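Asker: So here's upload_38.csv, just CSV, C-alpha atoms:
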```
chain,number,residue,atom,x,y,z
D,1,MET,CA,26.5,98.3,53.1
D,2,GLU,CA,28.9,95.5,52.7
D,3,ILE,CA,27.5,92.0,52.1
D,4,ALA,CA,29.5,89.3,53.8
D,5,PRO,CA,30.6,86.6,51.3
D,6,ARG,CA,28.7,83.3,51.6
D,7,PRO,CA,30.7,80.5,53.0
D,8,PRO,CA,31.5,77.7,50.5
D,9,PRO,CA,29.0,74.8,50.7
D,10,GLU,CA,30.1,71.9,52.7
D,11,PRO,CA,30.9,68.8,50.7
D,12,VAL,CA,28.2,66.3,50.6
D,13,VAL,CA,29.3,62.8,51.4
D,14,VAL,CA,27.1,60.1,50.0
D,15,VAL,CA,27.4,56.8,51.8
D,16,MET,CA,26.1,53.8,49.9
D,17,GLU,CA,25.3,50.8,52.0
D,18,SER,CA,26.5,47.6,50.5
D,19,ALA,CA,23.2,45.9,51.3
D,20,GLN,CA,21.4,48.3,49.0
D,21,ILE,CA,23.5,47.6,45.9
D,22,SER,CA,21.6,44.9,44.0
D,23,GLU,CA,23.2,42.4,41.6
D,24,PRO,CA,22.6,43.1,37.9
D,25,ALA,CA,19.5,41.3,36.6
D,26,GLY,CA,21.2,39.7,33.6
D,27,PRO,CA,23.0,36.6,35.1
D,28,PRO,CA,20.1,35.4,37.2
D,29,ARG,CA,17.7,35.8,34.3
D,30,LYS,CA,20.1,34.0,32.0
D,31,ARG,CA,20.5,31.1,34.5
D,32,ALA,CA,16.7,30.9,34.8
D,33,GLU,CA,16.3,30.8,31.1
D,34,ASN,CA,18.9,28.1,30.7
D,35,GLY,CA,17.3,26.1,33.5
D,36,ARG,CA,14.0,26.3,31.6
D,37,ARG,CA,15.6,25.1,28.5
D,38,VAL,CA,17.3,22.1,30.2
D,39,ALA,CA,14.0,21.2,31.8
D,40,ALA,CA,12.4,21.3,28.4
D,41,LEU,CA,15.0,18.9,27.0
D,42,LEU,CA,14.7,16.5,29.9
D,43,GLY,CA,10.9,16.6,29.7
D,44,SER,CA,11.0,16.0,26.0
D,45,ALA,CA,13.4,13.0,26.5
D,46,ILE,CA,11.0,11.5,29.2
D,47,ALA,CA,8.0,12.0,26.9
D,48,LEU,CA,9.9,10.3,24.1
D,49,GLY,CA,10.7,7.3,26.3
D,50,ALA,CA,7.1,7.0,27.3
D,51,VAL,CA,5.7,7.1,23.8
D,52,LEU,CA,8.3,4.5,22.6
D,53,VAL,CA,7.0,2.1,25.2
D,54,LEU,CA,3.4,2.9,24.2
D,55,SER,CA,4.3,2.3,20.5
D,56,LEU,CA,5.7,-1.1,21.3
D,57,GLY,CA,2.9,-2.1,23.6
D,58,LEU,CA,-0.4,-0.8,22.1
D,59,GLY,CA,-2.2,-2.1,19.0
D,60,ALA,CA,-4.5,-4.8,18.0
D,61,ARG,CA,-2.9,-6.9,20.8
D,62,GLN,CA,-2.1,-5.0,24.0
D,63,LEU,CA,1.2,-5.7,25.7
D,64,SER,CA,2.2,-4.6,29.2
D,65,PRO,CA,5.6,-2.9,29.8
D,66,ALA,CA,6.9,-6.2,31.3
D,67,GLU,CA,5.7,-8.1,28.2
D,68,VAL,CA,7.3,-5.4,25.9
D,69,TRP,CA,10.6,-5.8,27.8
D,70,HIS,CA,10.6,-9.6,27.6
D,71,GLY,CA,9.6,-9.3,23.9
D,72,LEU,CA,12.7,-7.3,23.3
D,73,VAL,CA,15.2,-9.4,25.1
D,74,ASP,CA,13.8,-12.9,25.4
D,75,ALA,CA,13.6,-14.9,22.1
D,76,GLY,CA,11.4,-17.5,23.9
D,77,SER,CA,8.8,-14.9,25.0
D,78,ALA,CA,5.3,-15.1,23.5
D,79,ALA,CA,5.5,-11.4,22.6
D,80,TYR,CA,8.9,-11.7,20.8
D,81,THR,CA,7.4,-12.1,17.4
D,82,VAL,CA,4.9,-9.3,17.8
D,83,VAL,CA,7.5,-6.9,19.2
D,84,HIS,CA,10.4,-7.7,16.8
D,85,GLN,CA,8.5,-8.3,13.5
D,86,MET,CA,5.6,-5.8,13.8
D,87,ARG,CA,6.1,-3.1,16.5
D,88,LEU,CA,9.8,-2.5,16.7
D,89,PRO,CA,10.4,-1.7,12.9
D,90,ARG,CA,7.5,0.8,12.8
D,91,THR,CA,8.6,2.4,16.1
D,92,LEU,CA,12.2,2.9,14.8
D,93,LEU,CA,10.8,4.2,11.6
D,94,GLY,CA,8.6,6.7,13.4
D,95,LEU,CA,11.5,7.7,15.6
D,96,LEU,CA,13.8,8.5,12.7
D,97,ALA,CA,11.1,10.1,10.5
D,98,GLY,CA,9.9,12.2,13.4
D,99,VAL,CA,13.5,13.5,14.1
D,100,ALA,CA,13.9,14.3,10.4
D,101,LEU,CA,10.6,16.1,10.0
D,102,GLY,CA,10.9,18.1,13.3
D,103,VAL,CA,14.4,19.3,12.7
D,104,ALA,CA,13.7,20.1,9.0
D,105,GLY,CA,10.7,22.1,10.2
D,106,GLY,CA,12.8,24.1,12.7
D,107,VAL,CA,15.5,24.8,10.0
D,108,MET,CA,12.9,25.9,7.5
D,109,GLN,CA,11.2,28.3,9.9
D,110,ALA,CA,14.6,29.8,10.8
D,111,LEU,CA,15.7,29.9,7.2
D,112,THR,CA,12.6,31.7,5.9
D,113,ARG,CA,11.9,33.6,9.1
D,114,ASN,CA,8.4,32.4,8.7
D,115,PRO,CA,6.8,30.7,11.8
D,116,LEU,CA,4.2,29.1,9.5
D,117,ALA,CA,6.8,27.4,7.3
D,118,ASP,CA,7.2,23.6,7.1
D,119,PRO,CA,9.4,21.3,5.0
D,120,GLY,CA,6.9,21.4,2.2
D,121,LEU,CA,7.2,25.2,1.7
D,122,LEU,CA,10.1,24.9,-0.6
D,123,GLY,CA,8.6,22.0,-2.6
D,124,ILE,CA,11.1,19.5,-1.2
D,125,ASN,CA,8.5,17.0,-0.1
D,126,ALA,CA,6.8,17.5,-3.5
D,127,GLY,CA,10.0,16.8,-5.3
D,128,ALA,CA,10.6,13.6,-3.4
D,129,SER,CA,6.9,12.5,-4.0
D,130,ALA,CA,7.1,13.2,-7.7
D,131,ALA,CA,10.3,11.2,-8.0
D,132,VAL,CA,8.8,8.3,-6.1
D,133,ALA,CA,5.6,8.5,-8.3
D,134,THR,CA,7.9,8.3,-11.4
D,135,ALA,CA,9.8,5.3,-9.9
D,136,ALA,CA,6.6,3.5,-9.2
D,137,GLY,CA,4.7,4.4,-12.4
D,138,ILE,CA,7.5,4.1,-15.0
D,139,PHE,CA,10.2,1.9,-13.5
D,140,GLY,CA,8.0,-0.4,-11.4
D,141,VAL,CA,9.9,0.3,-8.2
D,142,ALA,CA,7.9,-0.9,-5.1
D,143,THR,CA,10.4,-1.0,-2.2
D,144,PHE,CA,12.0,1.5,0.0
D,145,GLN,CA,15.5,0.5,-1.2
D,146,GLY,CA,14.5,1.7,-4.6
D,147,TYR,CA,12.4,4.6,-3.4
D,148,VAL,CA,15.0,6.3,-1.3
D,149,TRP,CA,17.4,7.1,-4.1
D,150,PHE,CA,14.7,8.5,-6.3
D,151,ALA,CA,13.3,10.5,-3.4
D,152,LEU,CA,16.7,12.0,-2.5
D,153,ALA,CA,17.4,12.8,-6.2
D,154,GLY,CA,13.9,14.5,-6.6
D,155,ALA,CA,14.3,16.5,-3.4
D,156,ALA,CA,17.8,17.6,-4.3
D,157,ALA,CA,16.7,18.6,-7.9
D,158,VAL,CA,13.8,20.6,-6.6
D,159,SER,CA,16.0,22.3,-3.9
D,160,VAL,CA,18.4,23.4,-6.6
D,161,LEU,CA,15.5,24.6,-8.8
D,162,VAL,CA,13.8,26.5,-6.1
D,163,TYR,CA,17.1,28.0,-5.0
D,164,ALA,CA,17.9,29.1,-8.5
D,165,VAL,CA,14.4,30.5,-9.2
D,166,GLY,CA,14.4,32.2,-5.8
D,167,GLY,CA,17.5,34.2,-6.8
D,168,GLY,CA,20.5,32.0,-6.1
D,169,ARG,CA,23.1,33.7,-3.9
D,170,ALA,CA,20.8,36.7,-3.7
D,171,ALA,CA,17.8,34.7,-2.6
D,172,THR,CA,15.5,36.1,0.1
D,173,PRO,CA,13.1,34.2,2.3
D,174,ALA,CA,10.1,35.7,0.5
D,175,ARG,CA,11.4,34.7,-3.0
D,176,LEU,CA,12.3,31.2,-1.8
D,177,ALA,CA,8.8,30.8,-0.4
D,178,LEU,CA,7.1,32.0,-3.6
D,179,ALA,CA,9.3,29.8,-5.8
D,180,GLY,CA,8.6,26.8,-3.5
D,181,ALA,CA,4.8,27.3,-3.6
D,182,ALA,CA,4.8,27.4,-7.4
D,183,VAL,CA,6.9,24.2,-7.7
D,184,ASN,CA,4.9,22.5,-5.0
D,185,ALA,CA,1.6,23.0,-6.8
D,186,ALA,CA,3.0,21.8,-10.2
D,187,LEU,CA,4.7,18.7,-8.8
D,188,TYR,CA,1.7,17.5,-6.8
D,189,SER,CA,-0.5,17.9,-9.9
D,190,TYR,CA,2.0,15.6,-11.6
D,191,VAL,CA,1.8,13.1,-8.8
D,192,ASN,CA,-2.0,13.0,-8.9
D,193,GLY,CA,-2.0,12.7,-12.7
D,194,THR,CA,0.5,9.8,-12.6
D,195,MET,CA,-1.6,7.9,-10.1
D,196,LEU,CA,-4.8,8.4,-12.1
D,197,LEU,CA,-3.3,7.3,-15.4
D,198,ASP,CA,-1.6,4.2,-14.1
D,199,ALA,CA,-3.8,1.7,-12.1
D,200,ALA,CA,-0.7,-0.2,-10.9
D,201,SER,CA,0.9,3.0,-9.6
D,202,LEU,CA,-2.3,4.0,-7.9
D,203,GLU,CA,-2.4,0.6,-6.1
D,204,THR,CA,1.2,0.8,-5.0
D,205,MET,CA,1.0,4.4,-3.8
D,206,ARG,CA,-2.5,4.9,-2.4
D,207,PHE,CA,-1.4,4.2,1.2
D,208,TRP,CA,2.1,5.8,0.8
D,209,THR,CA,0.6,9.2,-0.3
D,210,VAL,CA,-1.3,9.7,3.0
D,211,GLY,CA,1.7,8.9,5.1
D,212,SER,CA,2.0,5.7,7.1
D,213,LEU,CA,4.4,3.7,9.3
D,214,ALA,CA,2.6,0.4,8.7
D,215,SER,CA,4.8,-0.8,5.9
D,216,ALA,CA,8.0,-0.5,8.0
D,217,GLN,CA,10.4,-3.4,7.6
D,218,GLY,CA,13.5,-4.3,9.6
D,219,ALA,CA,15.9,-2.9,7.0
D,220,THR,CA,14.0,0.4,6.4
D,221,ALA,CA,15.3,2.1,9.5
D,222,ALA,CA,18.8,0.9,8.9
D,223,MET,CA,18.8,2.4,5.4
D,224,MET,CA,17.3,5.7,6.6
D,225,ALA,CA,19.7,6.2,9.5
D,226,PRO,CA,22.8,7.4,7.5
D,227,PHE,CA,20.8,10.0,5.6
D,228,ILE,CA,19.0,11.2,8.8
D,229,ALA,CA,22.3,11.3,10.7
D,230,ALA,CA,24.0,13.4,8.0
D,231,GLY,CA,21.1,15.9,7.8
D,232,LEU,CA,20.9,16.1,11.5
D,233,LEU,CA,24.6,16.8,12.0
D,234,LEU,CA,24.5,19.5,9.3
D,235,ALA,CA,21.4,21.1,10.8
D,236,LEU,CA,23.0,21.2,14.3
D,237,ALA,CA,26.2,22.7,12.9
D,238,LEU,CA,24.2,25.5,11.3
D,239,ALA,CA,22.4,26.4,14.5
D,240,ARG,CA,24.6,29.3,15.4
D,241,PRO,CA,24.7,30.8,11.8
D,242,LEU,CA,20.9,30.5,11.6
D,243,ASN,CA,20.7,32.5,14.8
D,244,ALA,CA,22.8,35.2,13.1
D,245,LEU,CA,20.7,35.0,9.9
D,246,ALA,CA,17.6,35.7,11.9
D,247,LEU,CA,18.9,39.3,12.5
D,248,GLY,CA,19.1,40.0,8.8
D,249,ASP,CA,21.8,39.5,6.2
D,250,ASP,CA,23.8,42.6,7.1
D,251,SER,CA,23.9,41.8,10.8
D,252,ALA,CA,24.7,38.1,10.0
D,253,ARG,CA,27.7,39.2,7.9
D,254,SER,CA,28.9,41.5,10.7
D,255,LEU,CA,28.8,38.5,13.0
D,256,GLY,CA,30.9,36.4,10.7
D,257,ALA,CA,28.2,34.3,9.0
D,258,HIS,CA,27.8,33.9,5.2
D,259,PRO,CA,24.1,34.1,4.4
D,260,ALA,CA,24.4,32.4,1.0
D,261,ARG,CA,26.4,29.5,2.4
D,262,VAL,CA,24.0,29.1,5.4
D,263,ARG,CA,21.0,29.0,3.1
D,264,ALA,CA,22.6,26.5,0.8
D,265,GLY,CA,23.7,24.3,3.8
D,266,ALA,CA,20.2,24.5,5.3
D,267,ILE,CA,18.6,23.4,2.1
D,268,VAL,CA,21.0,20.4,1.8
D,269,ALA,CA,20.2,19.4,5.4
D,270,VAL,CA,16.4,19.7,4.8
D,271,THR,CA,16.8,17.7,1.5
D,272,LEU,CA,18.6,14.8,3.3
D,273,LEU,CA,16.1,14.8,6.1
D,274,CYS,CA,12.9,15.1,4.1
D,275,GLY,CA,14.0,13.0,1.2
D,276,ALA,CA,14.7,10.0,3.5
D,277,ALA,CA,11.6,10.5,5.6
D,278,THR,CA,9.3,10.9,2.6
D,279,ALA,CA,10.7,7.9,0.8
D,280,ALA,CA,10.0,5.7,3.9
D,281,CYS,CA,6.7,7.1,5.2
D,282,GLY,CA,5.2,9.2,2.5
D,283,PRO,CA,4.5,13.0,2.7
D,284,ILE,CA,3.4,13.3,6.4
D,285,VAL,CA,2.2,16.8,7.0
D,286,PHE,CA,2.1,19.3,9.9
D,287,VAL,CA,4.8,17.6,12.0
D,288,GLY,CA,7.4,20.1,10.9
D,289,LEU,CA,4.9,22.9,11.5
D,290,MET,CA,3.5,22.1,14.9
D,291,VAL,CA,6.6,20.9,16.8
D,292,PRO,CA,8.8,24.0,16.3
D,293,HIS,CA,5.9,26.2,17.5
D,294,LEU,CA,5.6,24.2,20.7
D,295,VAL,CA,9.4,24.1,21.2
D,296,ARG,CA,9.8,27.9,20.6
D,297,ALA,CA,7.4,28.5,23.5
D,298,LEU,CA,9.6,26.3,25.7
D,299,THR,CA,13.1,27.3,24.7
D,300,GLY,CA,12.8,30.6,22.9
D,301,PRO,CA,14.1,31.2,19.3
D,302,ASP,CA,17.7,30.1,19.9
D,303,GLN,CA,18.4,27.3,17.4
D,304,ARG,CA,21.1,25.7,19.6
D,305,TRP,CA,18.3,24.7,21.9
D,306,MET,CA,15.4,24.5,19.5
D,307,LEU,CA,16.7,21.9,17.1
D,308,PRO,CA,17.7,19.3,19.8
D,309,CYS,CA,14.3,19.8,21.4
D,310,CYS,CA,12.5,19.4,18.1
D,311,ALA,CA,14.5,16.2,17.5
D,312,LEU,CA,13.0,14.8,20.7
D,313,LEU,CA,9.4,16.1,20.6
D,314,ALA,CA,8.7,15.5,16.9
D,315,PRO,CA,8.9,11.7,17.3
D,316,VAL,CA,6.5,12.0,20.2
D,317,LEU,CA,4.0,13.6,17.9
D,318,LEU,CA,4.4,11.2,15.0
D,319,LEU,CA,4.5,8.0,17.1
D,320,GLY,CA,1.6,9.3,19.2
D,321,ALA,CA,-0.4,9.8,16.0
D,322,ASP,CA,0.5,6.3,14.9
D,323,VAL,CA,-0.7,4.8,18.3
D,324,ILE,CA,-3.9,6.8,18.1
D,325,GLY,CA,-4.5,5.5,14.6
D,326,ARG,CA,-4.1,1.9,15.8
D,327,LEU,CA,-6.6,2.3,18.6
D,328,VAL,CA,-9.4,4.4,17.3
D,329,VAL,CA,-10.6,2.0,14.6
D,330,ARG,CA,-9.2,-1.2,16.2
D,331,PRO,CA,-8.8,-3.9,14.8
D,332,GLY,CA,-8.4,-1.8,11.7
D,333,GLU,CA,-5.8,1.1,11.5
D,334,LEU,CA,-5.9,4.7,10.6
D,335,GLN,CA,-2.7,6.0,8.9
D,336,ALA,CA,-0.5,8.3,10.9
D,337,GLY,CA,-0.5,10.9,8.2
D,338,ILE,CA,-4.3,11.2,8.5
D,339,VAL,CA,-4.1,11.7,12.2
D,340,THR,CA,-1.4,14.4,12.0
D,341,ALA,CA,-3.6,16.2,9.4
D,342,VAL,CA,-6.6,16.0,11.6
D,343,LEU,CA,-4.6,17.4,14.5
D,344,GLY,CA,-2.6,19.9,12.5
D,345,GLY,CA,-5.3,21.5,10.4
D,346,PRO,CA,-7.1,23.3,13.1
D,347,LEU,CA,-3.8,24.2,14.8
D,348,PHE,CA,-2.5,25.7,11.6
D,349,LEU,CA,-5.7,27.8,11.3
D,350,TYR,CA,-5.2,29.0,14.9
D,351,PHE,CA,-1.6,30.0,14.3
D,352,LEU,CA,-2.6,31.7,11.0
D,353,ARG,CA,-5.4,33.6,12.7
D,354,ARG,CA,-3.2,34.7,15.6
D,355,LYS,CA,-0.4,35.8,13.1
D,356,VAL,CA,-3.0,37.9,11.1
D,357,ARG,CA,-4.2,39.6,14.3
D,358,ALA,CA,-0.7,40.3,15.4
```
Represent the structure from my file as structure tokens, please.
Answerer:
Amino acid sequence: MEIAPRPPPEPVVVVMESAQISEPAGPPRKRAENGRRVAALLGSAIALGAVLVLSLGLGARQLSPAEVWHGLVDAGSAAYTVVHQMRLPRTLLGLLAGVALGVAGGVMQALTRNPLADPGLLGINAGASAAVATAAGIFGVATFQGYVWFALAGAAAVSVLVYAVGGGRAATPARLALAGAAVNAALYSYVNGTMLLDAASLETMRFWTVGSLASAQGATAAMMAPFIAAGLLLALALARPLNALALGDDSARSLGAHPARVRAGAIVAVTLLCGAATAACGPIVFVGLMVPHLVRALTGPDQRWMLPCCALLAPVLLLGADVIGRLVVRPGELQAGIVTAVLGGPLFLYFLRRKVRA
């Protein structure tokens, strides 16, 4: 019996309706992410403006926003002396020091790939502090104009030392952190010994060592500004290479970055920022740790967005701590470094506990 051949199957025509074809999810998600980052920057700028007004208006004598404005622009105002001689210098100092510490903290966390890092991790703050203690105890220096050069020299010397001990061009984040911790402990022991052996040095530095904005003078911010500006510009220029470095040295090289140069440039930027801030205010802690954590939750890990946002939010924290210190023991004053330590200690333990669990 013959079997008739099967007819060939009819071609299947698939009709795709244009309404069912969805746009790729990438561009809208990218736009939403950039919108969130822009909102974070704008919100940080608004918060900074508000805290600047509070810093000028709150203290032993309360000033309204109108009185603050007249105190700034009207030499005949009753608030002119309070604003220009007392509030404005410490507000500008807090602004510059906050920018320096916040950006330095963001750079340090990106450099070491350690979210618990801060500018003190590499011993840079300790180097500046040891140089200032030497200047006060041996050379009798008692002004910021003299401190700043010692602080920058000490920070630079310790940066070079830690970079060399950590392996030089072959340095890794872990080796840099270990070298910094060892140098940090040794130098702070030296600072404490210097203060205990020299009563005059102890008297000069006892408020400086806890971190304070109270000793700000009109010329202090002007002298800080060039160092802060140079360190800030260098840090912002390194934002894209730091993003590449976060992927690992091999990936960074494939993207055109030079890991050794990036690390050296980052250490120079942190040296400029921390050296100037430490000389003017003392070793204020936890600002460089807390702010990048908050900013990373708002902008993500991209350093091109993180660093500008850190530069806006860190002064909010530092000036806010200074305002709190003026109000809680009024008419006395609690140093800003103490307030940031009280706020930052529990937060550091929380971050550490969460990291260990992860």
Asker: List the neighbours of D:Ala110 out to 7 Å using all atoms listed in the file; skip same-chain residues closer than 3 positions along the sequence, and give me the result as a list in words.
Answerer: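 My list of contacting residues is Gly106, Val107, Arg113, Leu242 and Ala246 of chain D.
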Asker: Restricting the calculation to all atoms listed in the file, which member of D:Ala279, D:Glu67, D:Ala47, D:Asp302 is positioned closest to D:Leu245?
Answerer: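 That would be D:Asp302, the residue with the smallest distance to D:Leu245.
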Asker: If we count all atoms listed in the file, what is near D:Leu54 at a cut-off of 12 Å, once residues fewer than 4 positions away on the same chain are taken out, given as a VMD selection string?
Answerer: chain D and resid 47 to 50 58 to 59 62 to 65 67 to 69 83 87 to 88 91 316 319 to 324 326 to 327
Asker: Measuring between only C-alpha atoms, which one of D:Ser129, D:Leu213, D:Leu312, D:Val148 shows the shortest distance to D:Ser189?
Answerer: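 Ranking D:Ser129, D:Leu213, D:Leu312, D:Val148 by distance to D:Ser189, first place goes to D:Ser129.
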Asker: Hey, what's within 7 Å of D:Ala104 if we count only C-alpha atoms and toss same-chain stuff fewer than 6 positions away? As a list in words, please?
Answerer: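 Using only C-alpha atoms, the neighbours found are Pro119, Val270, Leu273 and Gly288 of chain D.
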Asker: Go through D:Tyr350, D:Thr299, D:Ala239, D:Ala221 one by one, measure the shortest atom-to-atom distance of each to D:Ala97 using only C-alpha atoms, and give the residue with the smallest value.
Answerer: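 Checking each of D:Tyr350, D:Thr299, D:Ala239, D:Ala221 against D:Ala97, counting only C-alpha atoms, the winner is D:Ala221.
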Asker: From the list D:Thr271, D:Thr340, D:Gln85, D:Asn34, which residue is nearest D:Gly120 when using all atoms listed in the file?
Answerer: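 Among the listed residues, the smallest separation from D:Gly120 belongs to D:Thr271.
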Asker: Interatomic distance between atom CA of D:Ala266 and atom CA of D:Leu298?
Answerer: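 According to the coordinates, atom CA of D:Ala266 and atom CA of D:Leu298 are separated by 23.1 Å.
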Asker: If I take atom CA of D:Leu42 and atom CA of D:Gly94, how far is one from the other in Å, to one decimal?
Answerer: 20.1 Å
Asker: Mind listing as a ChimeraX atom specification all residues within 9 Å of (25.3, 30.0, 13.2), counting all atoms listed in the file?
Answerer: /D:237-245,252,256-257,262,303-304
Asker: To one decimal place in Å, what is the distance between atom CA of D:Asn114 and atom CA of D:Ala341?
Answerer: 20.2 Å
Asker: Env of D:Gly123: 8 Å cut, atoms = only C-alpha atoms, seq-sep filter 4 positions within chain, self excluded. Answer as a list in words.
Answerer: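 Residues meeting the cut-off are Pro119, Gly127, Ala155, Val158, Ser159, Val162, Gly180, Ala181, Val183 and Asn184 of chain D.
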Asker: Of the candidates D:Ala269, D:Ala336, D:Leu152, D:Val191, which one gets nearest to D:Leu236 if we count only C-alpha atoms?
Answerer: D:Ala269
Asker: For D:Pro259, which residue out of D:Leu317, D:Val73, D:Ala179, D:Leu111 is the nearest one, using all atoms listed in the file?
Answerer: D:Leu111
Asker: Skip D:Leu96 itself and residues of its chain fewer than 4 positions away, then list as a list in words all residues within 9 Å of it, counting all atoms listed in the file.
Answerer: Thr91, Leu92, Ala100, Leu101, Ala221, Met224, Ala225, Ile228, Ala277 and Pro315 of chain D
